[in-house]
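The file coords_20.cif comes next; it holds mmCIF, C-alpha atoms.
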```cif
data_target
loop_
_atom_site.label_atom_id
_atom_site.label_comp_id
_atom_site.auth_asym_id
_atom_site.auth_seq_id
_atom_site.Cartn_x
_atom_site.Cartn_y
_atom_site.Cartn_z
CA MET A 1 25.95 -27.77 -3.08
CA GLY A 2 25.52 -25.31 -5.97
CA ARG A 3 22.95 -27.58 -7.59
CA ASN A 4 21.06 -27.97 -4.30
CA LEU A 5 20.87 -24.18 -3.94
CA GLU A 6 19.52 -24.03 -7.45
CA MET A 7 16.81 -26.49 -6.47
CA ILE A 8 15.88 -24.35 -3.49
CA LEU A 9 15.54 -21.27 -5.61
CA CYS A 10 13.37 -23.04 -8.13
CA SER A 11 11.20 -25.08 -5.79
CA LYS A 12 11.22 -23.12 -2.54
CA HIS A 13 12.03 -19.46 -3.13
CA HIS A 14 9.74 -19.33 -6.16
CA ALA A 15 7.07 -21.41 -4.41
CA TYR A 16 7.26 -24.39 -6.74
CA ILE A 17 6.84 -27.69 -5.01
CA THR A 18 8.31 -29.84 -7.79
CA PRO A 19 12.13 -29.72 -7.57
CA CYS A 20 14.18 -29.41 -10.74
CA SER A 21 15.76 -32.52 -12.21
CA GLY A 22 13.57 -34.74 -10.04
CA ALA A 23 15.83 -34.43 -6.96
CA MET A 24 14.37 -35.15 -3.53
CA ALA A 25 13.11 -32.10 -1.57
CA LEU A 26 15.32 -31.04 1.33
CA PRO A 27 13.85 -30.88 4.83
CA SER A 28 12.00 -27.66 5.58
CA LEU A 29 14.46 -26.45 8.25
CA LEU A 30 17.43 -26.94 5.93
CA LEU A 31 15.60 -25.06 3.21
CA HIS A 32 15.24 -22.04 5.48
CA ILE A 33 18.88 -22.18 6.61
CA LEU A 34 20.22 -22.44 3.09
CA ALA A 35 17.85 -19.79 1.77
CA TRP A 36 19.54 -17.24 4.04
CA SER A 37 23.01 -18.26 2.81
CA LEU A 38 22.40 -17.86 -0.90
CA THR A 39 25.33 -16.66 -2.95
CA TRP A 40 25.41 -14.67 -6.17
CA HIS A 41 26.11 -17.93 -7.97
CA ALA A 42 22.87 -19.32 -6.60
CA LEU A 43 20.92 -16.31 -7.79
CA VAL A 44 22.34 -16.84 -11.26
CA SER A 45 21.27 -20.47 -10.95
CA ALA A 46 17.73 -19.30 -10.33
CA GLN A 47 17.68 -17.73 -13.77
CA GLN A 48 19.06 -20.97 -15.21
CA CYS A 49 16.32 -22.85 -13.44
CA LEU A 50 13.74 -20.50 -14.95
CA THR A 51 15.12 -21.30 -18.38
CA GLU A 52 14.93 -25.02 -17.60
CA MET A 53 11.37 -24.62 -16.36
CA MET A 54 10.32 -23.06 -19.64
CA SER A 55 11.80 -25.93 -21.60
CA ASN A 56 10.79 -28.99 -19.60
CA GLY A 57 7.97 -27.92 -17.30
CA CYS A 58 9.90 -27.85 -14.01
CA GLY A 59 7.47 -26.95 -11.22
CA MET A 60 4.47 -26.33 -13.46
CA HIS A 61 0.96 -27.48 -12.82
CA SER A 62 0.34 -30.37 -15.17
CA ASN A 63 -2.13 -28.52 -17.39
CA GLU A 64 -0.88 -24.97 -17.08
CA GLN A 65 1.55 -23.22 -19.40
CA ILE A 66 4.16 -20.80 -18.08
CA CYS A 67 6.09 -18.85 -20.69
CA SER A 68 9.02 -16.47 -20.49
CA TRP A 69 8.45 -13.06 -22.06
CA GLU A 70 10.81 -11.96 -24.83
CA GLN A 71 11.43 -8.45 -26.16
CA GLY A 72 11.53 -9.42 -29.83
CA LEU A 73 12.00 -7.11 -32.82
CA LEU A 74 9.27 -5.82 -35.09
CA ARG A 75 11.57 -5.41 -38.09
CA SER A 76 12.80 -8.98 -37.99
CA LYS A 77 9.32 -10.31 -37.08
CA THR A 78 10.63 -12.13 -34.01
CA MET A 79 7.75 -11.22 -31.69
CA LYS A 80 6.82 -14.27 -29.61
CA ASP A 81 3.42 -15.96 -29.76
CA TYR A 82 1.84 -16.40 -26.29
CA THR A 83 -1.39 -18.03 -27.43
CA THR A 84 -1.00 -21.14 -25.26
CA CYS A 85 0.32 -19.33 -22.17
CA SER A 86 -1.59 -18.81 -18.93
CA PHE A 87 1.28 -17.06 -17.16
CA VAL A 88 3.91 -14.88 -18.83
CA VAL A 89 7.09 -14.29 -16.82
CA ARG A 90 9.02 -11.07 -17.46
CA ASP A 91 11.04 -11.20 -14.24
CA PRO A 92 11.80 -14.30 -12.09
CA ALA A 93 10.25 -12.49 -9.09
CA PHE A 94 6.85 -13.09 -10.72
CA LEU A 95 7.20 -16.76 -9.80
CA GLU A 96 6.99 -15.83 -6.12
CA ILE A 97 3.22 -15.35 -6.41
CA LEU A 98 2.73 -18.81 -7.95
CA SER A 99 2.70 -22.17 -6.26
CA GLY A 100 2.67 -25.71 -7.56
CA GLU A 101 -1.12 -25.52 -7.27
CA SER A 102 -1.57 -22.28 -9.20
CA LYS A 103 -4.02 -22.97 -11.99
CA LEU A 104 -6.04 -20.49 -14.00
CA GLU A 105 -9.63 -21.76 -14.10
CA LEU A 106 -12.86 -20.62 -15.69
CA VAL A 107 -15.44 -20.45 -12.88
CA ALA A 108 -18.54 -19.14 -14.63
CA GLU A 109 -19.71 -17.40 -17.75
CA ALA A 110 -21.20 -14.05 -16.77
CA GLU A 111 -21.22 -10.43 -17.85
CA ALA A 112 -18.87 -9.59 -14.98
CA HIS A 113 -17.32 -6.16 -15.37
CA GLU A 114 -16.43 -4.17 -12.26
CA GLY A 115 -16.62 -3.89 -8.49
CA GLY A 116 -14.96 -7.19 -7.59
CA VAL A 117 -15.14 -7.51 -3.78
CA TYR A 118 -15.18 -10.51 -1.46
CA ASN A 119 -17.65 -10.86 1.42
CA PRO A 120 -16.59 -13.48 3.99
CA ASP A 121 -20.05 -13.54 5.61
CA ASP A 122 -21.60 -15.47 2.72
CA ASP A 123 -18.36 -16.52 0.96
CA CYS A 124 -19.43 -14.67 -2.17
CA PHE A 125 -17.68 -12.40 -4.64
CA TYR A 126 -19.73 -9.33 -5.58
CA PHE A 127 -19.47 -7.48 -8.89
CA SER A 128 -21.36 -5.22 -11.28
CA SER A 129 -22.39 -6.48 -14.68
CA SER A 130 -21.44 -5.02 -18.03
CA SER A 131 -23.52 -1.91 -18.72
CA LYS A 132 -26.35 -2.00 -21.22
CA MET A 133 -27.79 1.05 -22.97
CA HIS A 134 -31.09 -0.45 -24.19
CA PRO A 135 -33.92 -0.20 -23.38
CA LYS A 136 -32.31 2.14 -20.82
CA PRO A 137 -28.85 2.48 -19.25
CA ASN A 138 -28.39 -0.19 -16.60
CA SER A 139 -26.03 -2.63 -14.94
CA GLU A 140 -26.83 -5.22 -12.29
CA ILE A 141 -25.24 -5.88 -8.92
CA MET A 142 -24.45 -9.59 -8.81
CA LYS A 143 -22.60 -12.16 -6.75
CA MET A 144 -20.82 -15.45 -7.32
CA HIS A 145 -20.74 -18.18 -4.69
CA LEU A 146 -17.13 -19.26 -4.30
CA GLY A 147 -18.05 -22.79 -3.29
CA THR A 148 -20.32 -23.60 -6.23
CA GLY A 149 -19.58 -20.95 -8.87
CA LYS A 150 -23.28 -20.09 -8.98
CA VAL A 151 -23.97 -16.54 -10.16
CA GLU A 152 -27.06 -14.59 -9.19
CA SER A 153 -28.35 -11.04 -9.41
CA ILE A 154 -29.18 -9.19 -6.19
CA VAL A 155 -30.11 -5.78 -7.68
CA ARG A 156 -31.43 -5.91 -11.22
CA GLU A 157 -31.77 -2.19 -11.90
CA THR A 158 -29.21 0.47 -10.98
CA GLU A 159 -28.04 3.82 -12.28
CA VAL A 160 -25.20 1.96 -14.00
CA ALA A 161 -23.40 0.60 -10.93
CA ASN A 162 -19.65 0.25 -11.35
CA GLY A 163 -16.94 0.00 -8.67
CA MET A 164 -17.70 -1.46 -5.24
CA THR A 165 -16.06 -2.18 -1.91
CA LEU A 166 -17.16 -3.34 1.54
CA GLY A 167 -17.73 -0.79 4.29
CA LYS A 168 -16.56 -1.22 7.87
CA GLU A 169 -19.81 -3.01 8.82
CA GLY A 170 -19.84 -5.30 5.81
CA GLU A 171 -22.21 -3.20 3.70
CA LEU A 172 -21.61 -2.65 -0.01
CA LEU A 173 -20.38 0.78 -1.02
CA VAL A 174 -21.34 1.21 -4.66
CA CYS A 175 -20.36 3.73 -7.34
CA HIS A 176 -23.36 4.64 -9.52
CA GLN A 177 -22.42 6.52 -12.67
CA GLY A 178 -25.81 8.23 -12.89
CA ILE A 179 -28.32 8.63 -15.70
CA ARG A 180 -29.33 11.92 -17.29
CA PRO A 181 -30.61 14.30 -15.86
CA SER A 182 -29.14 13.20 -12.50
CA GLY A 183 -25.45 12.91 -11.71
CA GLY A 184 -23.61 9.98 -10.20
CA PHE A 185 -23.61 9.03 -6.54
CA ILE A 186 -22.16 6.74 -3.89
CA GLU A 187 -24.60 4.26 -2.36
CA ARG A 188 -24.51 2.31 0.90
CA LEU A 189 -26.31 -1.02 0.40
CA ASN A 190 -27.14 -3.56 3.10
CA ILE A 191 -26.40 -6.91 1.46
CA THR A 192 -28.95 -8.79 3.57
CA THR A 193 -31.93 -6.42 3.56
CA LEU A 194 -31.04 -4.44 0.41
CA LYS A 195 -31.83 -1.26 2.34
CA SER A 196 -30.12 1.58 0.53
CA SER A 197 -28.98 5.13 1.29
CA ILE A 198 -26.93 7.74 -0.57
CA ILE A 199 -23.58 8.72 0.96
CA ALA A 200 -22.59 11.44 -1.51
CA ASP A 201 -23.87 12.89 -4.78
CA ASN A 202 -22.32 16.35 -4.96
CA TRP A 203 -19.37 18.57 -4.13
CA HIS A 204 -20.45 22.00 -2.88
CA GLY A 205 -23.75 21.71 -4.71
CA ARG A 206 -22.30 20.53 -8.04
CA ARG A 207 -23.34 17.04 -9.09
CA LEU A 208 -20.71 14.33 -9.38
CA ASN A 209 -19.76 13.15 -12.88
CA SER A 210 -19.83 9.33 -12.87
CA PRO A 211 -18.09 7.71 -9.87
CA ASN A 212 -16.02 4.79 -11.09
CA ASP A 213 -14.04 3.03 -8.36
CA ILE A 214 -14.11 3.17 -4.58
CA ILE A 215 -12.02 2.10 -1.58
CA ILE A 216 -12.21 2.51 2.17
CA LYS A 217 -9.34 3.48 4.44
CA SER A 218 -8.76 2.02 7.89
CA ASP A 219 -9.98 5.27 9.49
CA GLY A 220 -13.39 4.77 7.85
CA SER A 221 -12.98 7.46 5.18
CA ILE A 222 -14.21 6.61 1.67
CA TRP A 223 -12.18 7.51 -1.43
CA PHE A 224 -13.44 7.37 -5.01
CA THR A 225 -12.58 8.41 -8.56
CA ASP A 226 -14.99 10.48 -10.65
CA PRO A 227 -14.20 10.55 -14.39
CA ASP A 228 -16.75 11.77 -16.96
CA TYR A 229 -17.40 8.44 -18.69
CA ALA A 230 -21.20 8.70 -18.33
CA TRP A 231 -21.15 11.93 -20.37
CA VAL A 232 -18.58 10.69 -22.88
CA GLN A 233 -20.53 7.48 -23.47
CA GLY A 234 -23.83 9.28 -23.90
CA PHE A 235 -25.98 8.40 -20.89
CA GLY A 236 -24.89 10.97 -18.31
CA GLU A 237 -25.40 14.69 -17.88
CA GLU A 238 -22.77 17.18 -19.01
CA PRO A 239 -20.12 17.49 -16.28
CA GLU A 240 -20.07 20.42 -13.90
CA LEU A 241 -16.76 19.38 -12.35
CA ASN A 242 -13.30 18.28 -13.37
CA ASN A 243 -12.36 14.61 -13.15
CA HIS A 244 -11.29 14.57 -9.51
CA ILE A 245 -10.50 12.08 -6.77
CA TYR A 246 -12.67 12.59 -3.71
CA ARG A 247 -12.61 11.69 -0.04
CA VAL A 248 -15.72 11.31 2.10
CA SER A 249 -14.83 11.81 5.76
CA PRO A 250 -16.26 9.48 8.44
CA THR A 251 -18.70 12.31 9.25
CA GLY A 252 -19.84 12.70 5.63
CA GLU A 253 -17.98 15.75 4.27
CA VAL A 254 -16.90 15.45 0.63
CA ASP A 255 -13.52 16.92 -0.38
CA VAL A 256 -11.40 16.92 -3.52
CA VAL A 257 -8.05 15.32 -2.67
CA ALA A 258 -6.41 15.06 -6.12
CA ASP A 259 -6.70 16.65 -9.54
CA GLY A 260 -4.83 16.61 -12.83
CA PHE A 261 -6.05 13.27 -14.18
CA VAL A 262 -7.67 12.80 -17.59
CA LYS A 263 -9.80 9.76 -16.65
CA PRO A 264 -9.02 8.67 -13.07
CA ASN A 265 -10.23 5.10 -12.85
CA GLY A 266 -9.05 2.43 -10.40
CA LEU A 267 -7.50 3.30 -7.05
CA ALA A 268 -5.86 1.40 -4.20
CA PHE A 269 -3.86 2.17 -1.09
CA SER A 270 -0.60 0.37 -0.45
CA HIS A 271 -0.78 -2.25 2.30
CA ASP A 272 0.51 0.28 4.88
CA GLU A 273 -1.69 3.10 3.50
CA LYS A 274 1.33 5.34 2.96
CA LEU A 275 0.80 5.41 -0.82
CA LEU A 276 -2.23 5.84 -3.07
CA TYR A 277 -2.16 4.32 -6.56
CA VAL A 278 -4.50 5.68 -9.26
CA THR A 279 -4.95 4.38 -12.79
CA ASP A 280 -5.61 6.87 -15.59
CA THR A 281 -7.43 5.48 -18.63
CA GLY A 282 -7.49 8.80 -20.46
CA SER A 283 -6.68 7.14 -23.77
CA THR A 284 -9.76 4.90 -23.52
CA ILE A 285 -13.04 6.53 -24.44
CA GLY A 286 -14.95 3.26 -24.44
CA GLY A 287 -18.54 2.88 -25.57
CA GLU A 288 -19.52 1.01 -28.69
CA GLY A 289 -16.50 0.06 -30.76
CA GLY A 290 -14.06 0.62 -27.90
CA LYS A 291 -12.84 4.04 -29.05
CA VAL A 292 -9.38 5.23 -28.03
CA GLU A 293 -7.73 8.63 -28.11
CA ARG A 294 -4.05 8.90 -28.97
CA GLY A 295 -1.80 11.05 -26.83
CA GLN A 296 -3.77 10.48 -23.63
CA PRO A 297 -2.64 8.51 -20.54
CA TYR A 298 -2.53 4.74 -20.04
CA SER A 299 -0.67 4.78 -16.78
CA ILE A 300 -0.63 4.37 -13.01
CA SER A 301 0.31 7.32 -10.80
CA VAL A 302 1.33 7.07 -7.17
CA MET A 303 1.10 9.70 -4.43
CA ASP A 304 2.39 9.82 -0.88
CA VAL A 305 -0.23 10.01 1.85
CA GLY A 306 0.64 12.78 4.31
CA GLU A 307 0.99 12.28 8.03
CA ASP A 308 -2.56 13.59 8.51
CA GLY A 309 -3.85 10.61 6.48
CA VAL A 310 -5.67 12.96 4.11
CA THR A 311 -3.23 15.09 2.14
CA LEU A 312 -1.76 13.60 -1.04
CA LEU A 313 1.75 14.64 -2.01
CA ASN A 314 4.40 14.08 -4.68
CA LYS A 315 2.29 12.72 -7.54
CA ARG A 316 4.53 10.77 -9.93
CA LEU A 317 4.48 8.02 -12.55
CA PHE A 318 4.45 4.54 -11.07
CA ALA A 319 4.11 2.55 -14.31
CA ALA A 320 3.00 3.02 -17.90
CA ILE A 321 0.81 0.12 -18.99
CA ALA A 322 0.77 -1.53 -22.41
CA THR A 323 -0.54 -4.89 -23.50
CA MET A 324 2.30 -7.42 -23.19
CA VAL A 325 0.67 -10.01 -25.43
CA GLY A 326 -2.28 -10.37 -27.81
CA PRO A 327 -5.07 -10.23 -28.70
CA SER A 328 -4.70 -6.93 -30.48
CA TYR A 329 -5.96 -3.81 -28.74
CA LYS A 330 -6.76 -0.52 -30.48
CA GLY A 331 -4.88 1.51 -27.92
CA VAL A 332 -1.65 0.93 -26.03
CA GLY A 333 -3.06 -0.13 -22.68
CA CYS A 334 -6.08 0.37 -20.45
CA PRO A 335 -5.11 -0.01 -16.76
CA ASP A 336 -8.52 -0.42 -15.14
CA GLY A 337 -9.04 -2.13 -11.77
CA ILE A 338 -6.10 -2.13 -9.36
CA LYS A 339 -5.31 -4.11 -6.20
CA VAL A 340 -2.29 -4.66 -3.91
CA ASP A 341 -0.98 -7.55 -1.83
CA THR A 342 0.56 -7.59 1.62
CA THR A 343 4.12 -7.46 0.26
CA GLY A 344 3.46 -4.32 -1.80
CA ARG A 345 3.03 -5.83 -5.25
CA VAL A 346 0.48 -4.10 -7.46
CA TYR A 347 -2.03 -5.94 -9.67
CA VAL A 348 -3.72 -4.12 -12.54
CA ALA A 349 -6.37 -5.32 -14.98
CA ASN A 350 -5.53 -4.61 -18.62
CA PRO A 351 -6.87 -5.89 -21.99
CA ASP A 352 -4.28 -8.72 -21.95
CA GLY A 353 -4.97 -9.85 -18.36
CA VAL A 354 -3.74 -8.98 -14.88
CA GLN A 355 -0.27 -7.46 -14.89
CA VAL A 356 1.76 -7.81 -11.69
CA ILE A 357 4.15 -4.99 -10.81
CA SER A 358 6.81 -4.76 -8.12
CA PRO A 359 6.60 -2.07 -5.38
CA LYS A 360 9.23 -0.14 -7.36
CA GLY A 361 7.16 -0.10 -10.54
CA LYS A 362 8.84 -2.95 -12.42
CA LEU A 363 6.60 -5.17 -14.53
CA LEU A 364 7.05 -8.75 -13.30
CA GLY A 365 4.61 -10.75 -15.38
CA LEU A 366 1.10 -11.41 -16.58
CA ILE A 367 -1.83 -13.65 -15.66
CA LYS A 368 -3.35 -13.87 -19.11
CA VAL A 369 -7.11 -13.29 -19.24
CA PRO A 370 -7.96 -11.36 -22.43
CA GLY A 371 -10.30 -8.45 -21.81
CA ALA A 372 -9.69 -8.30 -18.05
CA SER A 373 -11.42 -5.29 -16.47
CA ASN A 374 -11.18 -5.91 -12.75
CA MET A 375 -10.23 -8.45 -10.11
CA GLY A 376 -10.13 -8.99 -6.36
CA PHE A 377 -8.67 -11.26 -3.70
CA ALA A 378 -11.04 -13.74 -2.09
CA GLY A 379 -11.24 -16.91 0.01
CA LYS A 380 -10.51 -17.71 3.65
CA ASP A 381 -6.84 -16.76 3.23
CA LEU A 382 -7.47 -13.93 0.72
CA ASN A 383 -5.07 -15.65 -1.68
CA MET A 384 -7.47 -16.51 -4.49
CA LEU A 385 -7.49 -13.94 -7.26
CA ILE A 386 -10.86 -13.62 -8.99
CA ILE A 387 -10.63 -12.01 -12.44
CA LEU A 388 -13.49 -10.46 -14.43
CA ASN A 389 -13.46 -9.82 -18.18
CA ASP A 390 -17.04 -8.85 -19.12
CA LYS A 391 -17.79 -12.35 -20.41
CA ALA A 392 -16.65 -14.68 -17.66
CA ILE A 393 -15.16 -15.08 -14.20
CA TYR A 394 -11.79 -16.77 -13.65
CA LYS A 395 -9.87 -17.73 -10.54
CA VAL A 396 -6.27 -18.58 -9.67
CA GLY A 397 -4.78 -19.52 -6.30
CA LEU A 398 -1.66 -17.53 -5.46
CA SER A 399 1.16 -17.48 -2.93
CA ALA A 400 0.14 -13.91 -2.15
CA GLN A 401 -2.48 -12.35 0.10
CA GLY A 402 -4.67 -9.39 -0.76
CA ALA A 403 -4.35 -6.17 1.26
CA GLY A 404 -6.76 -3.33 1.99
CA LEU A 405 -9.73 -5.65 2.60
CA HIS A 406 -10.44 -4.34 6.09
CA TYR A 407 -13.80 -5.97 6.78
CA ALA A 408 -12.82 -9.33 5.28
CA SER A 409 -9.44 -9.37 7.03
CA HIS A 410 -11.02 -8.58 10.42
CA LYS A 411 -13.72 -11.24 10.08
CA LEU A 412 -11.32 -13.89 8.84
CA GLU A 413 -8.83 -13.17 11.63
CA LYS A 414 -11.60 -13.65 14.21
CA SER A 415 -12.76 -16.90 12.61
CA HIS A 416 -9.20 -18.26 12.51
CA PHE A 417 -8.71 -17.28 16.19
CA PHE A 418 -11.81 -19.09 17.38
CA SER A 419 -11.46 -22.12 15.10
#
```
Kindly present the structure from the file in structure tokens form.
Amino acid sequence: MGRNLEMILCSKHHAYITPCSGAMALPSLLLHILAWSLTWHALVSAQQCLTEMMSNGCGMHSNEQICSWEQGLLRSKTMKDYTTCSFVVRDPAFLEILSGESKLELVAEAEAHEGGVYNPDDDCFYFSSSSKMHPKPNSEIMKMHLGTGKVESIVRETEVANGMTLGKEGELLVCHQGIRPSGGFIERLNITTLKSSIIADNWHGRRLNSPNDIIIKSDGSIWFTDPDYAWVQGFGEEPELNNHIYRVSPTGEVDVVADGFVKPNGLAFSHDEKLLYVTDTGSTIGGEGGKVERGQPYSISVMDVGEDGVTLLNKRLFAAIATMVGPSYKGVGCPDGIKVDTTGRVYVANPDGVQVISPKGKLLGLIKVPGASNMGFAGKDLNMLIILNDKAIYKVGLSAQGAGLHYASHKLEKSHFFS
């Protein structure tokens, strides 16, 4: 019985369809019954099964490599090499997001940088391209067709578009960092007609710095970060404001909702909207050469959302982010884009890939995509993670479903109901 429980933990609880030691899979009902009667011995067996998996490939996709993370020691030069790894497991709970079909795949080569958002209407993943400074500052708004991997540009010239999300009617909400002498702004863009309007470009008559990332809450309010990267990187006007987090009410009023960040970057609500996560890339100056500044943040903060749905309370450290594996990075970490799933796990793009963190702030593991800058959930079940790294677009199917995608979730629920 102990060995059978071990098989359940390896093949069922951790979503692997290949049982350890080649034993036959138990019927589904029995799996559920036994899963609820697991003993401490069985949990220990799960760790043994993880060890076995690393050594003989138990449960792995045939051409994927899953590696266990090791602390190592610098002085004895025992730091592990993860060159051949696609997934790096720091905690066995990481395996819960993988299935026997999880495979990291290159979809397309493209200068895909930010704004990753899925639109179910055309089954496309929208993103902004890497910014270019010559002959003038610019980035394009682009999309990738999930079915074919074809990439095309839909807006060739912007004021350095960055983060994006879908509004309640399926329109694109776009952060434009702004080009001197104008400040940044938030744009509403009709994907079909390309008709555009500006939602916000100032706070009490002071121009915004360079809006970076944007999300929408279920009440229709729009939240965005506004660091000063346009000024720091030489194409924006000198800031008039601190690096705030803003909220645009459903009726259009702009308010500061959080302060005290060095470079507020990515942001995401928890699946129940009771928490707001914000990444701070204060240590990353960016620009040519990828400059970093020692002593500045590389972390994720979390705040409670008050009962009024507006007030943010109890700001605290959620996780400090460092590269787990190579390639080498000048700084410690650069937590950029951030997303959540329906169980509360947090996904953050970092120079070593997408790090997956438990709801309590524990680092679980890594989906290794060097240079990752952003990602988003896509597909009819919102369980495909699309990862951008400035040079290419990758995808991996997960046993997890993205949260906070209000328009996509609503449309997909309706299509499933009527199908």
Original post:
Closest to A:Thr323 among A:Val88, A:Ile222, A:Cys175, A:Ala408, using only C-alpha atoms?
Top reply: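 Nearest to A:Thr323: A:Val88.
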**OP:** Choose the residue, out of A:Asp390, A:Glu109, A:Glu101, A:Glu70, that has the smallest atom-to-atom separation from A:Ser131; count all atoms listed in the file.
**Re:** A:Asp390
Original post:
What separation in Å, quoted to one decimal, exists between atom CA of A:Ile199 and atom CA of A:Glu253?
Top reply: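 Distance reported for this atom pair: 9.6 Å.
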**OP:** Considering all atoms listed in the file, return as a list in words whatever protein or nucleic-acid residues lie within 8 Å of stretch 264-269 of chain A, sequence-local ones (same chain, fewer than 6 positions apart) excluded.
**Re:**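 So the residues in contact are Asn212, Asp213, Ile214, Ile215, Lys217, Phe224, Thr225, Asp226, Pro227, Asn243, His244, Ile245, Leu275, Leu276, Tyr277, Val278, Thr279, Asp280, Thr281, Gly282, Pro335, Asp336, Gly337, Ile338, Lys339, Val340 and Gly404 of chain A.
Using all atoms listed in the file, the smallest distance between any of A:Thr165, A:Thr84, A:Asn202, A:Asn350 and A:Tyr407 comes from A:Thr165.
Counting from atom CA of A:Glu159, the distance to atom CA of A:Gly178 is 5.0 Å.
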